[in-house]
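Below is final26.pdb, which holds PDB, N, CA and C atoms.
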```pdb
ATOM      1  N   MET M   1       2.277   2.387  -2.246
ATOM      2  CA  MET M   1       3.529   2.847  -2.800
ATOM      3  C   MET M   1       4.654   2.703  -1.787
ATOM      4  N   LYS M   2       4.313   2.893  -0.510
ATOM      5  CA  LYS M   2       5.346   2.702   0.517
ATOM      6  C   LYS M   2       5.837   1.264   0.503
ATOM      7  N   GLY M   3       4.928   0.311   0.354
ATOM      8  CA  GLY M   3       5.317  -1.093   0.276
ATOM      9  C   GLY M   3       6.220  -1.354  -0.907
ATOM     10  N   TYR M   4       5.912  -0.735  -2.031
ATOM     11  CA  TYR M   4       6.748  -0.887  -3.228
ATOM     12  C   TYR M   4       8.149  -0.347  -2.955
ATOM     13  N   LEU M   5       8.229   0.805  -2.314
ATOM     14  CA  LEU M   5       9.531   1.402  -2.019
ATOM     15  C   LEU M   5      10.329   0.538  -1.046
ATOM     16  N   VAL M   6       9.675   0.047  -0.009
ATOM     17  CA  VAL M   6      10.367  -0.819   0.957
ATOM     18  C   VAL M   6      10.844  -2.091   0.260
ATOM     19  N   ALA M   7      10.014  -2.653  -0.610
ATOM     20  CA  ALA M   7      10.408  -3.860  -1.342
ATOM     21  C   ALA M   7      11.619  -3.607  -2.236
ATOM     22  N   ASN M   8      11.848  -2.348  -2.576
ATOM     23  CA  ASN M   8      12.993  -1.983  -3.408
ATOM     24  C   ASN M   8      14.137  -1.387  -2.593
ATOM     25  N   GLY M   9      14.090  -1.587  -1.279
ATOM     26  CA  GLY M   9      15.213  -1.208  -0.426
ATOM     27  C   GLY M   9      15.198   0.202   0.118
ATOM     28  N   VAL M  10      14.101   0.929  -0.066
ATOM     29  CA  VAL M  10      13.992   2.287   0.469
ATOM     30  C   VAL M  10      13.284   2.198   1.823
ATOM     31  N   PHE M  11      13.992   2.536   2.874
ATOM     32  CA  PHE M  11      13.403   2.422   4.208
ATOM     33  C   PHE M  11      13.180   3.768   4.874
ATOM     34  N   ALA M  12      13.861   4.797   4.445
ATOM     35  CA  ALA M  12      13.709   6.098   5.107
ATOM     36  C   ALA M  12      14.042   7.189   4.114
ATOM     37  N   PRO M  13      13.475   8.325   4.203
ATOM     38  CA  PRO M  13      12.351   8.679   5.080
ATOM     39  C   PRO M  13      11.034   8.389   4.374
ATOM     40  N   LEU M  14      10.187   7.630   5.001
ATOM     41  CA  LEU M  14       8.873   7.311   4.440
ATOM     42  C   LEU M  14       7.755   7.823   5.341
ATOM     43  N   LYS M  15       8.010   8.901   6.061
ATOM     44  CA  LYS M  15       7.000   9.443   6.968
ATOM     45  C   LYS M  15       6.008  10.351   6.251
ATOM     46  N   THR M  16       6.166  10.503   4.965
ATOM     47  CA  THR M  16       5.267  11.364   4.208
ATOM     48  C   THR M  16       3.996  10.615   3.829
ATOM     49  N   HIS M  17       2.934  11.363   3.677
ATOM     50  CA  HIS M  17       1.692  10.828   3.142
ATOM     51  C   HIS M  17       1.358  11.503   1.813
ATOM     52  N   ASP M  18       2.320  12.248   1.303
ATOM     53  CA  ASP M  18       2.145  12.942   0.030
ATOM     54  C   ASP M  18       2.295  11.920  -1.094
ATOM     55  N   LEU M  19       1.178  11.581  -1.720
ATOM     56  CA  LEU M  19       1.188  10.553  -2.749
ATOM     57  C   LEU M  19       2.041  10.940  -3.947
ATOM     58  N   HIS M  20       2.061  12.227  -4.288
ATOM     59  CA  HIS M  20       2.890  12.674  -5.410
ATOM     60  C   HIS M  20       4.368  12.414  -5.102
ATOM     61  N   ASP M  21       4.802  12.758  -3.900
ATOM     62  CA  ASP M  21       6.201  12.525  -3.519
ATOM     63  C   ASP M  21       6.535  11.037  -3.516
ATOM     64  N   LEU M  22       5.648  10.227  -2.959
ATOM     65  CA  LEU M  22       5.883   8.782  -2.941
ATOM     66  C   LEU M  22       5.951   8.215  -4.361
ATOM     67  N   CYS M  23       5.043   8.650  -5.204
ATOM     68  CA  CYS M  23       5.018   8.191  -6.590
ATOM     69  C   CYS M  23       6.293   8.612  -7.317
ATOM     70  N   ASP M  24       6.730   9.828  -7.059
ATOM     71  CA  ASP M  24       7.958  10.328  -7.669
ATOM     72  C   ASP M  24       9.154   9.462  -7.262
ATOM     73  N   LYS M  25       9.202   9.049  -5.996
ATOM     74  CA  LYS M  25      10.273   8.159  -5.526
ATOM     75  C   LYS M  25      10.181   6.796  -6.217
ATOM     76  N   CYS M  26       8.963   6.312  -6.439
ATOM     77  CA  CYS M  26       8.768   5.035  -7.139
ATOM     78  C   CYS M  26       9.283   5.118  -8.570
ATOM     79  N   CYS M  27       9.171   6.305  -9.171
ATOM     80  CA  CYS M  27       9.658   6.505 -10.544
ATOM     81  C   CYS M  27      11.160   6.268 -10.660
ATOM     82  N   ASP M  28      11.888   6.399  -9.551
ATOM     83  CA  ASP M  28      13.319   6.112  -9.573
ATOM     84  C   ASP M  28      13.583   4.647  -9.902
ATOM     85  N   PHE M  29      12.609   3.776  -9.616
ATOM     86  CA  PHE M  29      12.755   2.348  -9.860
ATOM     87  C   PHE M  29      12.017   1.892 -11.104
ATOM     88  N   ASP M  30      10.911   2.558 -11.409
ATOM     89  CA  ASP M  30      10.068   2.153 -12.534
ATOM     90  C   ASP M  30       9.374   3.392 -13.091
ATOM     91  N   LYS M  31       9.796   3.797 -14.269
ATOM     92  CA  LYS M  31       9.264   5.032 -14.878
ATOM     93  C   LYS M  31       7.771   4.954 -15.179
ATOM     94  N   SER M  32       7.203   3.753 -15.221
ATOM     95  CA  SER M  32       5.772   3.655 -15.513
ATOM     96  C   SER M  32       4.918   4.265 -14.400
ATOM     97  N   PHE M  33       5.514   4.502 -13.230
ATOM     98  CA  PHE M  33       4.779   5.177 -12.160
ATOM     99  C   PHE M  33       4.400   6.603 -12.559
ATOM    100  N   ASN M  34       5.064   7.160 -13.568
ATOM    101  CA  ASN M  34       4.707   8.499 -14.053
ATOM    102  C   ASN M  34       3.231   8.590 -14.413
ATOM    103  N   THR M  35       2.657   7.475 -14.866
ATOM    104  CA  THR M  35       1.245   7.493 -15.254
ATOM    105  C   THR M  35       0.326   7.699 -14.051
ATOM    106  N   LEU M  36       0.832   7.428 -12.841
ATOM    107  CA  LEU M  36       0.016   7.600 -11.637
ATOM    108  C   LEU M  36       0.081   9.006 -11.050
ATOM    109  N   LEU M  37       1.030   9.810 -11.503
ATOM    110  CA  LEU M  37       1.198  11.140 -10.899
ATOM    111  C   LEU M  37      -0.078  11.983 -10.917
ATOM    112  N   PRO M  38      -0.818  12.045 -12.035
ATOM    113  CA  PRO M  38      -2.063  12.831 -12.004
ATOM    114  C   PRO M  38      -3.094  12.277 -11.018
ATOM    115  N   ILE M  39      -3.160  10.961 -10.903
ATOM    116  CA  ILE M  39      -4.081  10.348  -9.953
ATOM    117  C   ILE M  39      -3.678  10.713  -8.530
ATOM    118  N   CYS M  40      -2.367  10.649  -8.261
ATOM    119  CA  CYS M  40      -1.869  11.011  -6.929
ATOM    120  C   CYS M  40      -2.201  12.462  -6.607
ATOM    121  N   ASP M  41      -2.059  13.319  -7.593
ATOM    122  CA  ASP M  41      -2.390  14.734  -7.384
ATOM    123  C   ASP M  41      -3.881  14.907  -7.070
ATOM    124  N   ASN M  42      -4.733  14.085  -7.706
ATOM    125  CA  ASN M  42      -6.173  14.152  -7.428
ATOM    126  C   ASN M  42      -6.493  13.697  -6.003
ATOM    127  N   LEU M  43      -5.746  12.698  -5.505
ATOM    128  CA  LEU M  43      -6.038  12.135  -4.184
ATOM    129  C   LEU M  43      -5.378  12.887  -3.030
ATOM    130  N   ASN M  44      -4.291  13.577  -3.300
ATOM    131  CA  ASN M  44      -3.543  14.242  -2.229
ATOM    132  C   ASN M  44      -4.391  15.124  -1.314
ATOM    133  N   PRO M  45      -5.305  15.916  -1.845
ATOM    134  CA  PRO M  45      -6.090  16.787  -0.951
ATOM    135  C   PRO M  45      -6.895  16.021   0.098
ATOM    136  N   TYR M  46      -7.253  14.771  -0.182
ATOM    137  CA  TYR M  46      -8.045  14.012   0.779
ATOM    138  C   TYR M  46      -7.242  13.667   2.023
ATOM    139  N   GLY M  47      -5.946  13.541   1.918
ATOM    140  CA  GLY M  47      -5.106  13.325   3.094
ATOM    141  C   GLY M  47      -5.186  14.500   4.043
ATOM    142  N   ILE M  48      -5.225  15.680   3.492
ATOM    143  CA  ILE M  48      -5.345  16.900   4.299
ATOM    144  C   ILE M  48      -6.751  16.992   4.881
ATOM    145  N   ARG M  49      -7.739  16.661   4.071
ATOM    146  CA  ARG M  49      -9.130  16.741   4.537
ATOM    147  C   ARG M  49      -9.374  15.778   5.694
ATOM    148  N   VAL M  50      -8.779  14.621   5.660
ATOM    149  CA  VAL M  50      -8.961  13.653   6.741
ATOM    150  C   VAL M  50      -8.316  14.176   8.019
ATOM    151  N   LYS M  51      -7.183  14.848   7.877
ATOM    152  CA  LYS M  51      -6.489  15.392   9.039
ATOM    153  C   LYS M  51      -7.282  16.531   9.677
ATOM    154  N   TYR M  52      -8.008  17.269   8.864
ATOM    155  CA  TYR M  52      -8.803  18.405   9.340
ATOM    156  C   TYR M  52     -10.256  18.175   8.925
ATOM    157  N   PRO M  53     -10.977  17.294   9.634
ATOM    158  CA  PRO M  53     -12.301  16.852   9.176
ATOM    159  C   PRO M  53     -13.347  17.944   9.029
ATOM    160  N   ASP M  54     -13.194  19.073   9.698
ATOM    161  CA  ASP M  54     -14.185  20.133   9.534
ATOM    162  C   ASP M  54     -14.173  20.707   8.126
ATOM    163  N   GLU M  55     -13.112  20.455   7.396
ATOM    164  CA  GLU M  55     -12.980  20.997   6.048
ATOM    165  C   GLU M  55     -13.477  20.036   4.970
ATOM    166  N   ILE M  56     -14.036  18.893   5.372
ATOM    167  CA  ILE M  56     -14.468  17.898   4.383
ATOM    168  C   ILE M  56     -15.851  18.245   3.848
ATOM    169  N   GLU M  57     -15.898  18.487   2.570
ATOM    170  CA  GLU M  57     -17.156  18.651   1.840
ATOM    171  C   GLU M  57     -16.955  17.984   0.498
ATOM    172  N   VAL M  58     -17.360  16.739   0.415
ATOM    173  CA  VAL M  58     -17.158  15.957  -0.795
ATOM    174  C   VAL M  58     -18.515  15.522  -1.311
ATOM    175  N   ASP M  59     -18.778  15.821  -2.569
ATOM    176  CA  ASP M  59     -20.042  15.363  -3.128
ATOM    177  C   ASP M  59     -19.888  13.930  -3.645
ATOM    178  N   GLU M  60     -20.981  13.361  -4.066
ATOM    179  CA  GLU M  60     -20.996  11.955  -4.489
ATOM    180  C   GLU M  60     -20.067  11.708  -5.684
ATOM    181  N   ASN M  61     -20.018  12.634  -6.613
ATOM    182  CA  ASN M  61     -19.143  12.468  -7.782
ATOM    183  C   ASN M  61     -17.669  12.482  -7.377
ATOM    184  N   GLU M  62     -17.308  13.416  -6.480
ATOM    185  CA  GLU M  62     -15.924  13.484  -6.010
ATOM    186  C   GLU M  62     -15.538  12.207  -5.264
ATOM    187  N   ALA M  63     -16.449  11.731  -4.438
ATOM    188  CA  ALA M  63     -16.181  10.500  -3.682
ATOM    189  C   ALA M  63     -15.994   9.323  -4.632
ATOM    190  N   GLY M  64     -16.845   9.230  -5.620
ATOM    191  CA  GLY M  64     -16.737   8.149  -6.605
ATOM    192  C   GLY M  64     -15.424   8.210  -7.370
ATOM    193  N   GLN M  65     -15.009   9.410  -7.743
ATOM    194  CA  GLN M  65     -13.742   9.562  -8.468
ATOM    195  C   GLN M  65     -12.564   9.214  -7.571
ATOM    196  N   ALA M  66     -12.617   9.621  -6.309
ATOM    197  CA  ALA M  66     -11.536   9.311  -5.371
ATOM    198  C   ALA M  66     -11.412   7.798  -5.175
ATOM    199  N   ILE M  67     -12.536   7.119  -5.067
ATOM    200  CA  ILE M  67     -12.507   5.655  -4.925
ATOM    201  C   ILE M  67     -11.929   5.015  -6.176
ATOM    202  N   ALA M  68     -12.354   5.484  -7.341
ATOM    203  CA  ALA M  68     -11.827   4.939  -8.596
ATOM    204  C   ALA M  68     -10.320   5.180  -8.703
ATOM    205  N   ASP M  69      -9.872   6.365  -8.292
ATOM    206  CA  ASP M  69      -8.436   6.671  -8.339
ATOM    207  C   ASP M  69      -7.647   5.761  -7.392
ATOM    208  N   ALA M  70      -8.167   5.571  -6.181
ATOM    209  CA  ALA M  70      -7.486   4.701  -5.213
ATOM    210  C   ALA M  70      -7.433   3.261  -5.733
ATOM    211  N   GLU M  71      -8.507   2.805  -6.341
ATOM    212  CA  GLU M  71      -8.521   1.450  -6.903
ATOM    213  C   GLU M  71      -7.542   1.315  -8.062
ATOM    214  N   ALA M  72      -7.384   2.388  -8.850
ATOM    215  CA  ALA M  72      -6.420   2.359  -9.953
ATOM    216  C   ALA M  72      -4.998   2.221  -9.430
ATOM    217  N   ILE M  73      -4.694   2.894  -8.337
ATOM    218  CA  ILE M  73      -3.366   2.764  -7.739
ATOM    219  C   ILE M  73      -3.168   1.343  -7.214
ATOM    220  N   GLN M  74      -4.157   0.803  -6.522
ATOM    221  CA  GLN M  74      -4.045  -0.558  -6.001
ATOM    222  C   GLN M  74      -3.880  -1.581  -7.115
ATOM    223  N   ALA M  75      -4.541  -1.362  -8.239
ATOM    224  CA  ALA M  75      -4.492  -2.310  -9.348
ATOM    225  C   ALA M  75      -3.250  -2.148 -10.218
ATOM    226  N   PHE M  76      -2.517  -1.064 -10.054
ATOM    227  CA  PHE M  76      -1.320  -0.803 -10.855
ATOM    228  C   PHE M  76      -0.364  -1.977 -10.691
ATOM    229  N   GLU M  77       0.059  -2.580 -11.790
ATOM    230  CA  GLU M  77       0.759  -3.868 -11.770
ATOM    231  C   GLU M  77       1.959  -3.925 -10.821
ATOM    232  N   PRO M  78       2.881  -2.961 -10.836
ATOM    233  CA  PRO M  78       4.016  -3.076  -9.909
ATOM    234  C   PRO M  78       3.598  -3.076  -8.434
ATOM    235  N   ILE M  79       2.572  -2.309  -8.108
ATOM    236  CA  ILE M  79       2.083  -2.267  -6.734
ATOM    237  C   ILE M  79       1.349  -3.563  -6.401
ATOM    238  N   ALA M  80       0.506  -4.020  -7.312
ATOM    239  CA  ALA M  80      -0.233  -5.265  -7.096
ATOM    240  C   ALA M  80       0.721  -6.447  -6.940
ATOM    241  N   ALA M  81       1.802  -6.462  -7.702
ATOM    242  CA  ALA M  81       2.776  -7.561  -7.617
ATOM    243  C   ALA M  81       3.448  -7.596  -6.248
ATOM    244  N   VAL M  82       3.802  -6.431  -5.719
ATOM    245  CA  VAL M  82       4.422  -6.375  -4.389
ATOM    246  C   VAL M  82       3.413  -6.818  -3.338
ATOM    247  N   ARG M  83       2.174  -6.348  -3.446
ATOM    248  CA  ARG M  83       1.146  -6.735  -2.479
ATOM    249  C   ARG M  83       0.933  -8.248  -2.511
ATOM    250  N   THR M  84       0.883  -8.851  -3.706
ATOM    251  CA  THR M  84       0.703 -10.291  -3.831
ATOM    252  C   THR M  84       1.868 -11.042  -3.194
ATOM    253  N   ALA M  85       3.091 -10.572  -3.426
ATOM    254  CA  ALA M  85       4.276 -11.213  -2.844
ATOM    255  C   ALA M  85       4.256 -11.103  -1.316
ATOM    256  N   LEU M  86       3.889  -9.938  -0.802
ATOM    257  CA  LEU M  86       3.825  -9.759   0.651
ATOM    258  C   LEU M  86       2.737 -10.631   1.275
ATOM    259  N   GLU M  87       1.609 -10.740   0.602
ATOM    260  CA  GLU M  87       0.530 -11.597   1.112
ATOM    261  C   GLU M  87       0.970 -13.056   1.121
ATOM    262  N   ALA M  88       1.669 -13.495   0.090
ATOM    263  CA  ALA M  88       2.167 -14.870   0.034
ATOM    264  C   ALA M  88       3.164 -15.121   1.161
ATOM    265  N   GLU M  89       4.044 -14.168   1.401
ATOM    266  CA  GLU M  89       5.017 -14.295   2.488
ATOM    267  C   GLU M  89       4.308 -14.349   3.834
ATOM    268  N   HIS M  90       3.284 -13.545   4.000
ATOM    269  CA  HIS M  90       2.522 -13.555   5.243
ATOM    270  C   HIS M  90       1.854 -14.914   5.452
ATOM    271  N   ARG M  91       1.233 -15.454   4.397
ATOM    272  CA  ARG M  91       0.588 -16.773   4.504
ATOM    273  C   ARG M  91       1.614 -17.846   4.861
ATOM    274  N   LYS M  92       2.786 -17.770   4.263
ATOM    275  CA  LYS M  92       3.851 -18.738   4.536
ATOM    276  C   LYS M  92       4.279 -18.641   6.009
ATOM    277  N   GLN M  93       4.499 -17.450   6.499
ATOM    278  CA  GLN M  93       4.905 -17.266   7.896
ATOM    279  C   GLN M  93       3.803 -17.730   8.844
ATOM    280  N   TYR M  94       2.563 -17.452   8.494
ATOM    281  CA  TYR M  94       1.431 -17.866   9.331
ATOM    282  C   TYR M  94       1.366 -19.391   9.402
ATOM    283  N   THR M  95       1.555 -20.065   8.262
ATOM    284  CA  THR M  95       1.517 -21.520   8.210
ATOM    285  C   THR M  95       2.622 -22.121   9.066
ATOM    286  N   VAL M  96       3.825 -21.566   8.979
ATOM    287  CA  VAL M  96       4.942 -22.054   9.787
ATOM    288  C   VAL M  96       4.652 -21.838  11.264
ATOM    289  N   THR M  97       4.131 -20.682  11.621
ATOM    290  CA  THR M  97       3.793 -20.382  13.011
ATOM    291  C   THR M  97       2.744 -21.351  13.529
ATOM    292  N   GLN M  98       1.722 -21.612  12.734
ATOM    293  CA  GLN M  98       0.660 -22.532  13.147
ATOM    294  C   GLN M  98       1.205 -23.948  13.305
ATOM    295  N   ALA M  99       2.066 -24.380  12.381
ATOM    296  CA  ALA M  99       2.647 -25.716  12.463
ATOM    297  C   ALA M  99       3.519 -25.859  13.707
ATOM    298  N   THR M 100       4.278 -24.832  14.013
ATOM    299  CA  THR M 100       5.135 -24.841  15.211
ATOM    300  C   THR M 100       4.283 -24.895  16.470
ATOM    301  N   ALA M 101       3.231 -24.113  16.519
ATOM    302  CA  ALA M 101       2.338 -24.100  17.682
ATOM    303  C   ALA M 101       1.665 -25.457  17.863
ATOM    304  N   THR M 102       1.247 -26.080  16.784
ATOM    305  CA  THR M 102       0.603 -27.390  16.839
ATOM    306  C   THR M 102       1.593 -28.428  17.361
ATOM    307  N   ALA M 103       2.817 -28.388  16.838
ATOM    308  CA  ALA M 103       3.841 -29.360  17.262
ATOM    309  C   ALA M 103       4.151 -29.203  18.753
ATOM    310  N   LYS M 104       4.193 -27.982  19.238
ATOM    311  CA  LYS M 104       4.500 -27.739  20.644
ATOM    312  C   LYS M 104       3.360 -28.157  21.564
ATOM    313  N   SER M 105       2.147 -28.156  21.058
ATOM    314  CA  SER M 105       0.993 -28.477  21.906
ATOM    315  C   SER M 105       0.734 -29.970  22.000
ATOM    316  N   LYS M 106       1.373 -30.780  21.151
ATOM    317  CA  LYS M 106       1.182 -32.242  21.211
ATOM    318  C   LYS M 106       1.989 -32.810  22.372
ATOM    319  N   PRO M 107       1.391 -33.749  23.094
ATOM    320  CA  PRO M 107       2.150 -34.373  24.190
ATOM    321  C   PRO M 107       3.282 -35.228  23.627
ATOM    322  N   PRO M 108       4.382 -35.333  24.377
ATOM    323  CA  PRO M 108       5.506 -36.137  23.883
ATOM    324  C   PRO M 108       5.091 -37.611  23.736
ATOM    325  N   ALA M 109       5.633 -38.235  22.705
ATOM    326  CA  ALA M 109       5.349 -39.661  22.462
ATOM    327  C   ALA M 109       6.055 -40.491  23.515
ATOM    328  N   GLY M 110       5.436 -41.520  23.944
ATOM    329  CA  GLY M 110       6.173 -42.351  24.867
ATOM    330  C   GLY M 110       5.358 -43.067  25.768
TER     331      GLY M 110
END
```
Show how you would write the structure in this file as structure tokens.
Amino acid sequence: MKGYLVANGVFAPLKTHDLHDLCDKCCDFDKSFNTLLPICDNLNPYGIRVKYPDEIEVDENEAGQAIADAEAIQAFEPIAAVRTALEAEHRKQYTVTQATATAKSKPPAG
């Protein structure tokens, strides 16, 4: 969701890890993010649990649901589209960097 917000020109403040807050900010750009709010609410406690590991007690069903919820967020079309665009941009930059490095490593003709 942070990537989606940055892609839409929101750069600060993004220091939160509260998925509900991030999702709510995404709703300013695309109301369909409202469908993710319950999922974000389900996942939010895990951010706290990771910060305080002594408090983690997750059974197999909870873990499975958390994974399914995280995958649903990743698969959500607006988020997936931004991720695909960023990956394409990264591949393009990597290709240019590699081509430049190759050109610089060739001895001059002559």
Running DSSP on the backbone, which parts of chain M land in helix (DSSP H, G or I), as a PyMOL selection string? chain M and resi 2-7+19-27+31-51+53-55+60-75+77-105
Tell me which residues the PyMOL selection byres ((chain M and resi 22-31) around 8) grabs here, as a PDB file with N, CA and C atoms, keeping the file's coordinate frame.
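Result saved to out22.pdb:
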```
ATOM      1  N   MET M   1       2.277   2.387  -2.246  1.00  0.00           N
ATOM      2  CA  MET M   1       3.529   2.847  -2.800  1.00  0.00           C
ATOM      3  C   MET M   1       4.654   2.703  -1.787  1.00  0.00           C
ATOM      4  N   LYS M   2       4.313   2.893  -0.510  1.00  0.00           N
ATOM      5  CA  LYS M   2       5.346   2.702   0.517  1.00  0.00           C
ATOM      6  C   LYS M   2       5.837   1.264   0.503  1.00  0.00           C
ATOM      7  N   TYR M   4       5.912  -0.735  -2.031  1.00  0.00           N
ATOM      8  CA  TYR M   4       6.748  -0.887  -3.228  1.00  0.00           C
ATOM      9  C   TYR M   4       8.149  -0.347  -2.955  1.00  0.00           C
ATOM     10  N   LEU M   5       8.229   0.805  -2.314  1.00  0.00           N
ATOM     11  CA  LEU M   5       9.531   1.402  -2.019  1.00  0.00           C
ATOM     12  C   LEU M   5      10.329   0.538  -1.046  1.00  0.00           C
ATOM     13  N   ASN M   8      11.848  -2.348  -2.576  1.00  0.00           N
ATOM     14  CA  ASN M   8      12.993  -1.983  -3.408  1.00  0.00           C
ATOM     15  C   ASN M   8      14.137  -1.387  -2.593  1.00  0.00           C
ATOM     16  N   THR M  16       6.166  10.503   4.965  1.00  0.00           N
ATOM     17  CA  THR M  16       5.267  11.364   4.208  1.00  0.00           C
ATOM     18  C   THR M  16       3.996  10.615   3.829  1.00  0.00           C
ATOM     19  N   HIS M  17       2.934  11.363   3.677  1.00  0.00           N
ATOM     20  CA  HIS M  17       1.692  10.828   3.142  1.00  0.00           C
ATOM     21  C   HIS M  17       1.358  11.503   1.813  1.00  0.00           C
ATOM     22  N   ASP M  18       2.320  12.248   1.303  1.00  0.00           N
ATOM     23  CA  ASP M  18       2.145  12.942   0.030  1.00  0.00           C
ATOM     24  C   ASP M  18       2.295  11.920  -1.094  1.00  0.00           C
ATOM     25  N   LEU M  19       1.178  11.581  -1.720  1.00  0.00           N
ATOM     26  CA  LEU M  19       1.188  10.553  -2.749  1.00  0.00           C
ATOM     27  C   LEU M  19       2.041  10.940  -3.947  1.00  0.00           C
ATOM     28  N   HIS M  20       2.061  12.227  -4.288  1.00  0.00           N
ATOM     29  CA  HIS M  20       2.890  12.674  -5.410  1.00  0.00           C
ATOM     30  C   HIS M  20       4.368  12.414  -5.102  1.00  0.00           C
ATOM     31  N   ASP M  21       4.802  12.758  -3.900  1.00  0.00           N
ATOM     32  CA  ASP M  21       6.201  12.525  -3.519  1.00  0.00           C
ATOM     33  C   ASP M  21       6.535  11.037  -3.516  1.00  0.00           C
ATOM     34  N   SER M  32       7.203   3.753 -15.221  1.00  0.00           N
ATOM     35  CA  SER M  32       5.772   3.655 -15.513  1.00  0.00           C
ATOM     36  C   SER M  32       4.918   4.265 -14.400  1.00  0.00           C
ATOM     37  N   PHE M  33       5.514   4.502 -13.230  1.00  0.00           N
ATOM     38  CA  PHE M  33       4.779   5.177 -12.160  1.00  0.00           C
ATOM     39  C   PHE M  33       4.400   6.603 -12.559  1.00  0.00           C
ATOM     40  N   ASN M  34       5.064   7.160 -13.568  1.00  0.00           N
ATOM     41  CA  ASN M  34       4.707   8.499 -14.053  1.00  0.00           C
ATOM     42  C   ASN M  34       3.231   8.590 -14.413  1.00  0.00           C
ATOM     43  N   THR M  35       2.657   7.475 -14.866  1.00  0.00           N
ATOM     44  CA  THR M  35       1.245   7.493 -15.254  1.00  0.00           C
ATOM     45  C   THR M  35       0.326   7.699 -14.051  1.00  0.00           C
ATOM     46  N   LEU M  36       0.832   7.428 -12.841  1.00  0.00           N
ATOM     47  CA  LEU M  36       0.016   7.600 -11.637  1.00  0.00           C
ATOM     48  C   LEU M  36       0.081   9.006 -11.050  1.00  0.00           C
ATOM     49  N   LEU M  37       1.030   9.810 -11.503  1.00  0.00           N
ATOM     50  CA  LEU M  37       1.198  11.140 -10.899  1.00  0.00           C
ATOM     51  C   LEU M  37      -0.078  11.983 -10.917  1.00  0.00           C
ATOM     52  N   CYS M  40      -2.367  10.649  -8.261  1.00  0.00           N
ATOM     53  CA  CYS M  40      -1.869  11.011  -6.929  1.00  0.00           C
ATOM     54  C   CYS M  40      -2.201  12.462  -6.607  1.00  0.00           C
TER      55      CYS M  40
END
```
From the set M:Leu14, M:Leu86, M:Ala72, M:Ala81, which residue has the shortest atom-to-atom contact distance to Pro38 in chain M, counting only C-alpha atoms? M:Ala72
As a check of understanding: the span from CA of Pro78 in chain M to CA of Arg91 in chain M is 20.2 Å
Nearest-residue call for Ala66 in chain M, choices M:Gly9, M:Lys15, M:Tyr94, M:Leu43, using only C-alpha atoms: M:Leu43
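The interatomic distance for the pair atom C of Asp59 in chain M and atom N of Ile73 in chain M works out to 19.4 Å.
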Separation of CA of Thr84 in chain M from CA of Gly3 in chain M, in Å and rounded to one decimal: 11.1 Å
